[in-house]
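Containing mmCIF, C-alpha atoms and all ligand atoms: target_3.cif.
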```
data_query
#
loop_
_atom_site.label_atom_id
_atom_site.label_comp_id
_atom_site.auth_asym_id
_atom_site.auth_seq_id
_atom_site.Cartn_x
_atom_site.Cartn_y
_atom_site.Cartn_z
CA MET A 278 109.89 122.30 144.80
CA MET A 279 107.63 121.61 141.82
CA GLU A 280 105.28 118.65 142.39
CA LYS A 281 103.60 116.30 139.92
CA LEU A 282 99.83 116.93 140.00
CA GLN A 283 97.84 114.93 137.44
CA MET A 284 99.05 112.41 134.87
CA ILE A 285 97.80 113.55 131.47
CA TYR A 286 99.61 111.11 129.20
CA GLU A 287 101.46 107.83 129.45
CA GLY A 288 103.77 106.84 126.63
CA LYS A 289 106.04 103.85 126.17
CA ALA A 290 108.97 105.21 128.18
CA LYS A 291 107.64 108.30 129.94
CA GLN A 292 104.68 109.84 131.73
CA LEU A 293 103.58 113.47 131.54
CA TYR A 294 102.17 115.32 134.54
CA THR A 295 100.70 118.75 135.04
CA CYS A 296 102.29 120.93 137.70
CA GLU A 297 101.56 124.33 139.23
CA ARG A 298 103.12 126.12 136.24
CA GLU A 299 100.63 126.62 133.41
CA ASP A 300 103.36 126.74 130.78
CA ALA A 301 105.23 123.61 131.92
CA LEU A 302 104.85 119.88 132.45
CA ILE A 303 106.79 117.33 134.46
CA ILE A 304 108.20 114.43 132.44
CA HIS A 305 108.71 111.22 134.42
CA TYR A 306 111.18 108.68 132.97
CA LYS A 307 110.13 105.01 133.35
CA ASP A 308 112.14 101.79 133.17
CA ASP A 309 109.83 100.36 130.47
CA ALA A 310 111.37 99.59 127.11
CA THR A 311 109.55 98.69 123.91
CA ALA A 312 110.71 97.87 120.42
CA PHE A 313 109.18 97.02 117.05
CA ASN A 314 106.23 99.37 117.56
CA GLY A 315 105.44 97.99 121.01
CA VAL A 316 105.56 94.29 120.10
CA LYS A 317 108.61 93.60 122.28
CA LYS A 318 108.33 94.83 125.87
CA ALA A 319 110.53 94.67 128.96
CA GLN A 320 111.87 96.65 131.85
CA ILE A 321 115.47 97.78 131.82
CA GLU A 322 116.58 98.28 135.39
CA HIS A 323 117.38 101.91 136.26
CA LYS A 324 116.71 103.01 132.66
CA GLY A 325 114.47 105.87 133.80
CA GLU A 326 117.16 107.31 136.05
CA LEU A 327 119.86 106.77 133.46
CA ASN A 328 117.95 108.40 130.59
CA ASN A 329 116.93 111.30 132.82
CA ALA A 330 120.60 111.90 133.72
CA ILE A 331 121.88 111.35 130.17
CA SER A 332 119.30 113.59 128.52
CA THR A 333 119.93 116.28 131.17
CA ILE A 334 123.59 116.46 130.14
CA ILE A 335 122.64 116.52 126.45
CA PHE A 336 119.96 119.25 126.82
CA ASN A 337 122.45 121.41 128.75
CA ALA A 338 125.09 120.92 126.04
CA LEU A 339 122.55 121.91 123.35
CA HIS A 340 121.57 125.04 125.32
CA LYS A 341 125.25 126.06 125.42
CA HIS A 342 125.08 126.03 121.62
CA ASP A 343 121.87 128.11 121.62
CA ILE A 344 119.70 125.26 120.40
CA PRO A 345 116.16 125.74 121.73
CA THR A 346 114.68 122.78 123.62
CA HIS A 347 111.69 122.15 125.86
CA TYR A 348 113.98 121.38 128.81
CA ILE A 349 113.87 123.67 131.87
CA GLU A 350 115.45 121.74 134.74
CA THR A 351 115.90 118.34 136.30
CA LEU A 352 113.84 118.01 139.48
CA ASN A 353 115.01 114.65 140.85
CA ASN A 354 116.40 111.35 139.58
CA ARG A 355 113.36 110.57 137.39
CA ASP A 356 111.63 113.88 136.69
CA GLN A 357 112.34 116.85 134.43
CA LEU A 358 110.48 120.14 134.24
CA CYS A 359 109.85 121.06 130.59
CA HIS A 360 107.97 123.71 128.65
CA LYS A 361 104.53 122.60 127.54
CA VAL A 362 104.58 122.03 123.76
CA LYS A 363 102.32 120.73 121.05
CA ILE A 364 104.28 117.88 119.51
CA ILE A 365 104.73 118.03 115.74
CA PRO A 366 103.80 114.53 114.50
CA LEU A 367 107.14 113.80 112.86
CA GLU A 368 110.02 111.53 113.85
CA VAL A 369 113.11 113.26 112.54
CA ILE A 370 116.09 111.00 111.92
CA ILE A 371 119.70 111.70 111.08
CA ARG A 372 122.06 108.96 109.94
CA ASN A 373 125.82 109.43 109.96
CA LEU A 374 126.51 105.73 109.45
CA ILE A 375 124.00 103.39 107.82
CA ALA A 376 122.31 101.04 110.29
CA GLY A 377 118.95 99.64 111.32
CA SER A 378 115.99 100.10 109.03
CA MET A 379 117.97 101.88 106.30
CA ALA A 380 120.60 99.13 106.15
CA LYS A 381 117.80 96.58 105.81
CA ARG A 382 115.58 98.48 103.40
CA LEU A 383 118.35 99.31 100.93
CA ASP A 384 120.56 96.27 101.60
CA ILE A 385 123.57 98.31 102.71
CA LYS A 386 126.11 96.86 105.13
CA GLU A 387 125.57 98.18 108.64
CA GLY A 388 128.31 100.64 109.57
CA THR A 389 128.83 102.04 106.07
CA PRO A 390 129.53 105.78 106.47
CA ALA A 391 127.07 108.16 104.85
CA PRO A 392 128.83 110.66 102.53
CA ARG A 393 126.92 113.40 104.34
CA PRO A 394 124.28 113.25 107.10
CA ILE A 395 121.10 111.64 105.81
CA TYR A 396 117.93 113.46 106.87
CA GLU A 397 114.76 111.35 107.17
CA LEU A 398 111.21 112.03 108.27
CA CYS A 399 108.67 109.53 109.54
CA TYR A 400 105.02 110.30 110.16
CA LYS A 401 104.38 109.74 113.87
CA ASN A 402 101.43 107.38 113.75
CA ASP A 403 101.51 104.05 115.60
CA ASP A 404 98.59 102.60 113.62
CA LEU A 405 100.54 103.10 110.39
CA GLY A 406 103.84 101.99 111.98
CA ASP A 407 105.47 105.45 111.68
CA PRO A 408 105.97 105.31 107.87
CA LEU A 409 108.92 106.97 106.14
CA ILE A 410 107.80 110.14 104.34
CA ASN A 411 109.38 113.19 102.71
CA GLU A 412 108.86 116.92 103.33
CA ASP A 413 106.12 117.14 100.69
CA HIS A 414 104.20 114.35 102.42
CA ALA A 415 104.68 116.10 105.78
CA PHE A 416 103.31 119.32 104.30
CA ALA A 417 100.39 117.53 102.58
CA LEU A 418 99.50 115.77 105.85
CA GLY A 419 99.37 119.14 107.58
CA ALA A 420 102.06 117.98 110.01
CA ALA A 421 104.03 121.21 109.63
CA SER A 422 104.20 124.37 107.53
CA GLU A 423 106.88 125.00 104.93
CA GLU A 424 108.59 127.40 107.33
CA ASP A 425 108.43 124.96 110.26
CA LEU A 426 109.89 122.20 108.08
CA ALA A 427 112.82 124.44 107.17
CA THR A 428 113.39 125.31 110.84
CA ILE A 429 113.22 121.65 111.83
CA LYS A 430 115.79 120.61 109.22
CA LYS A 431 118.17 123.43 110.12
CA LEU A 432 117.95 122.71 113.87
CA THR A 433 118.35 118.97 113.29
CA LEU A 434 121.57 119.40 111.30
CA GLU A 435 122.90 121.75 114.01
CA ILE A 436 122.00 119.25 116.74
CA ASN A 437 123.82 116.56 114.78
CA ARG A 438 127.00 118.65 114.63
CA VAL A 439 126.90 119.40 118.36
CA LEU A 440 126.23 115.77 119.28
CA ILE A 441 128.85 114.30 116.92
CA ASP A 442 131.51 116.49 118.61
CA LEU A 443 130.24 115.84 122.12
CA PHE A 444 130.26 112.06 121.70
CA ASP A 445 133.53 112.03 119.79
CA LYS A 446 135.18 113.57 122.88
CA ILE A 447 134.14 110.51 124.91
CA GLY A 448 135.12 107.92 122.32
CA ILE A 449 131.68 107.30 120.88
CA ILE A 450 130.42 107.34 117.30
CA LEU A 451 126.97 108.86 116.89
CA VAL A 452 125.62 106.43 114.27
CA ASP A 453 122.08 107.81 114.04
CA PHE A 454 119.32 109.29 116.17
CA LYS A 455 115.63 110.18 116.24
CA ILE A 456 114.31 113.45 117.61
CA GLU A 457 110.97 115.20 117.86
CA PHE A 458 109.99 118.84 117.85
CA GLY A 459 107.19 120.77 119.47
CA ARG A 460 105.71 124.22 119.43
CA THR A 461 105.68 126.19 122.69
CA LEU A 462 102.64 128.19 123.85
CA ASP A 463 104.44 131.32 122.56
CA GLY A 464 104.88 129.74 119.12
CA ARG A 465 108.55 128.74 119.05
CA ILE A 466 109.70 125.46 117.50
CA VAL A 467 111.88 123.61 120.03
CA LEU A 468 113.49 120.21 120.38
CA ALA A 469 111.16 118.14 122.55
CA ASP A 470 111.06 114.57 123.88
CA GLU A 471 114.41 112.99 124.84
CA ILE A 472 117.85 112.21 123.46
CA SER A 473 119.18 109.04 125.06
CA PRO A 474 120.39 105.52 124.24
CA ASP A 475 116.69 104.73 123.62
CA THR A 476 116.67 107.11 120.66
CA CYS A 477 120.25 107.08 119.35
CA ARG A 478 122.73 104.49 118.13
CA PHE A 479 126.04 104.86 119.97
CA TRP A 480 129.05 102.73 119.03
CA ASP A 481 132.36 102.66 120.89
CA LYS A 482 134.96 104.27 118.61
CA GLU A 483 137.64 101.63 119.31
CA THR A 484 135.68 98.39 119.58
CA ARG A 485 132.46 99.40 117.76
CA LYS A 486 130.55 97.82 120.64
CA LYS A 487 126.89 98.88 120.66
CA LEU A 488 126.05 101.06 123.67
CA ASP A 489 122.35 101.70 123.05
CA LYS A 490 118.88 100.17 122.77
CA ASP A 491 119.99 97.79 119.99
CA ARG A 492 121.31 95.64 122.86
CA PHE A 493 117.66 95.22 123.88
CA ARG A 494 116.17 95.04 120.36
CA ARG A 495 118.68 92.39 119.28
CA ASP A 496 118.99 90.50 122.60
CA LEU A 497 122.70 91.29 122.93
CA GLY A 498 122.63 91.37 126.75
CA ASN A 499 124.12 93.88 129.21
CA VAL A 500 121.58 96.54 128.29
CA GLU A 501 121.76 98.42 131.60
CA ASP A 502 125.59 98.33 131.52
CA ALA A 503 125.59 100.04 128.12
CA TYR A 504 123.38 102.89 129.37
CA GLN A 505 125.59 103.16 132.51
CA GLU A 506 128.67 103.39 130.29
CA ILE A 507 127.16 106.26 128.28
CA LEU A 508 126.34 108.17 131.48
CA LYS A 509 129.77 107.45 132.97
CA ARG A 510 131.55 108.83 129.91
CA LEU A 511 129.26 111.88 129.58
CA SER A 512 129.90 112.65 133.26
CA THR A 513 133.62 113.06 132.53
CA LEU A 514 132.86 116.08 130.31
CA LYS A 515 133.17 119.35 132.16
N1 LIG B 601 114.35 105.36 116.63
C1 LIG B 601 113.62 105.76 117.74
N2 LIG B 601 112.29 105.43 117.80
C2 LIG B 601 111.65 104.76 116.82
C3 LIG B 601 112.39 104.36 115.69
C4 LIG B 601 113.74 104.67 115.63
O1 LIG B 601 114.16 106.39 118.64
O2 LIG B 601 110.45 104.51 116.93
C5 LIG B 601 115.78 105.69 116.54
C6 LIG B 601 116.67 104.49 116.64
O3 LIG B 601 117.09 104.30 117.98
C7 LIG B 601 117.83 104.86 115.77
C8 LIG B 601 117.25 105.81 114.72
O4 LIG B 601 116.01 106.25 115.26
O5 LIG B 601 118.80 105.57 116.54
C9 LIG B 601 117.04 105.17 113.39
O6 LIG B 601 116.24 104.02 113.56
P1 LIG B 601 115.88 103.06 112.35
O7 LIG B 601 115.06 103.80 111.36
O8 LIG B 601 117.12 102.41 111.85
O9 LIG B 601 114.86 102.06 112.97
P2 LIG B 601 115.04 100.73 113.84
O10 LIG B 601 116.17 99.95 113.27
O11 LIG B 601 115.29 101.24 115.23
O12 LIG B 601 113.69 100.10 113.68
#
```

Would you kindly transcribe this structure into structure tokens?
Amino acid sequence: MMEKLQMIYEGKAKQLYTCEREDALIIHYKDDATAFNGVKKAQIEHKGELNNAISTIIFNALHKHDIPTHYIETLNNRDQLCHKVKIIPLEVIIRNLIAGSMAKRLDIKEGTPAPRPIYELCYKNDDLGDPLINEDHAFALGAASEEDLATIKKLTLEINRVLIDLFDKIGIILVDFKIEFGRTLDGRIVLADEISPDTCRFWDKETRKKLDKDRFRRDLGNVEDAYQEILKRLSTLK
């Protein structure tokens, strides 16, 4: 059994630990939740366990579709073993329906369908508030090469197609999501970080009820129940 050795990084929702494998790290999922660039903080009970279980199912589904990720295996109810990567400082967003910051910025009614998936990049930099940028900015900032940017866009659109289908099967609309990529020690670009209700907008197909972190951001209540519901439905998939 792989053990956590030394904590090397603590983020808002997760901790990273070294382990006996040189090429891997253990990711520990916490209950802490933050929003609005860390201004709003709370604990969501069992969130760490729920996001560990939810992202495990999603990483396995992506592997079945040959999408490369950092995920190796789930060790226990809060820890995952993942390949060590150097994170590319971009937040990559896909929007299938308009919501959140895009609805606000462009004054579009939340829930308006996008005619095709909208691909967005933000520069991962807390001091700047993760500003929206385009591929030319990303290149100019040295965040990624031309080739890496092309790989990232292609993988992101593939991930969107897999996730739309997966969630459709369990009665959920994938409104939008944020992902991150990293480069492995052997130079491959892989999906890194997590995919969970912390990083996606999930709406029930019938009722349009929000089943994601917007319940926390917008004080809608029943946050833990929403995460539980996502896990319950994903668990029905074979
Ligand atoms: N998102 C995220 N982390 C962030 C910002 C956004 O995971 O720091 C996710 C968010 O959950 C949503 C998508 O990215 O699924 C698009 O978010 P948006 O730009 O609308 O920002 P928000 O309204 O969350 O500020």

- [ ] Could you pull out the residues sitting within 9 Å of ligand LIG 601 (chain B), using only C-alpha atoms and all ligand atoms, and write them as a VMD selection string?
- [x] chain A and resid 312 to 314 368 to 372 375 to 381 397 399 401 406 to 407 409 451 to 456 472 to 479 489 to 491 494

Open item on the list: Calculated over all atoms listed in the file, which of the candidates A:Thr346, A:Asn499, A:Gln505, A:Asn354 has the smallest distance to Arg460 of chain A?
Closed with: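 Ranking A:Thr346, A:Asn499, A:Gln505, A:Asn354 by distance to Arg460 of chain A, first place goes to A:Thr346.
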
TODO: Write out as a PyMOL selection string which residues come within 12 Å of Leu339 of chain A when counting only C-alpha atoms, dropping same-chain ones fewer than 2 positions away.
DONE: chain A and resi 332-337+341-348+432-433+435-443+467-468+472

- [ ] Rounded to one decimal place, report the atom CA of Gln283 of chain A-atom CA of Asp404 of chain A distance in Å.
- [x] 26.8 Å

Open item on the list: Taking (99.7, 127.0, 131.3) as a centre in this file's frame and 12 Å as the limit, can you find every polymer residue with an atom that close, using all atoms listed in the file, and give them as a VMD selection string?
Closed with: chain A and resid 295 to 302 359 to 362 461 to 463

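Proximity to Gly498 of chain A was assessed for A:Ile321, A:Ala417, A:Leu405, A:Lys431 counting only C-alpha atoms; the smallest distance is recorded for A:Ile321.
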
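Interatomic distance, atom CA of Tyr400 of chain A against atom CA of Phe416 of chain A: 10.9 Å.
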
Open item on the list: Given all atoms listed in the file as the basis, pick out the residue of A:Leu358, A:Leu508, A:Leu327, A:Ile410 nearest to Leu293 of chain A.
Closed with: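 Counting all atoms listed in the file, the residue closest to Leu293 of chain A is A:Leu358.
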
TODO: Determine the nearest neighbour of Asp425 of chain A from the options A:Lys307, A:Lys487, A:Lys386, A:Arg465, counting all atoms listed in the file.
DONE: A:Arg465

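If you look at atom CA of Ala310 of chain A and atom CA of Tyr286 of chain A, they are 16.6 Å away from each other.
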
Proximity check segment 318-378 of chain A to segment 501-504 of chain A, 9 Å, nearest pairs one decimal Å, all atoms listed in the file, as CSV:
```
residue,atom,partner,partner_atom,distance
A:Ile321,CA,A:Glu501,CA,6.3
A:Glu322,CA,A:Glu501,CA,6.4
A:His323,CA,A:Glu501,CA,7.3
A:Lys324,CA,A:Glu501,CA,6.9
A:Leu327,CA,A:Tyr504,CA,6.6
A:Asn328,CA,A:Tyr504,CA,7.8
A:Ile331,CA,A:Tyr504,CA,8.6
```

TODO: Write out as a list of chain:residue names which residues come within 12 Å of Lys317 of chain A when counting only C-alpha atoms, dropping same-chain ones fewer than 6 positions away.
DONE: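 Residues meeting the cut-off are A:Lys289, A:Asp309, A:Ala310, A:Thr311, A:Phe493, A:Arg494, A:Arg495, A:Asp496.
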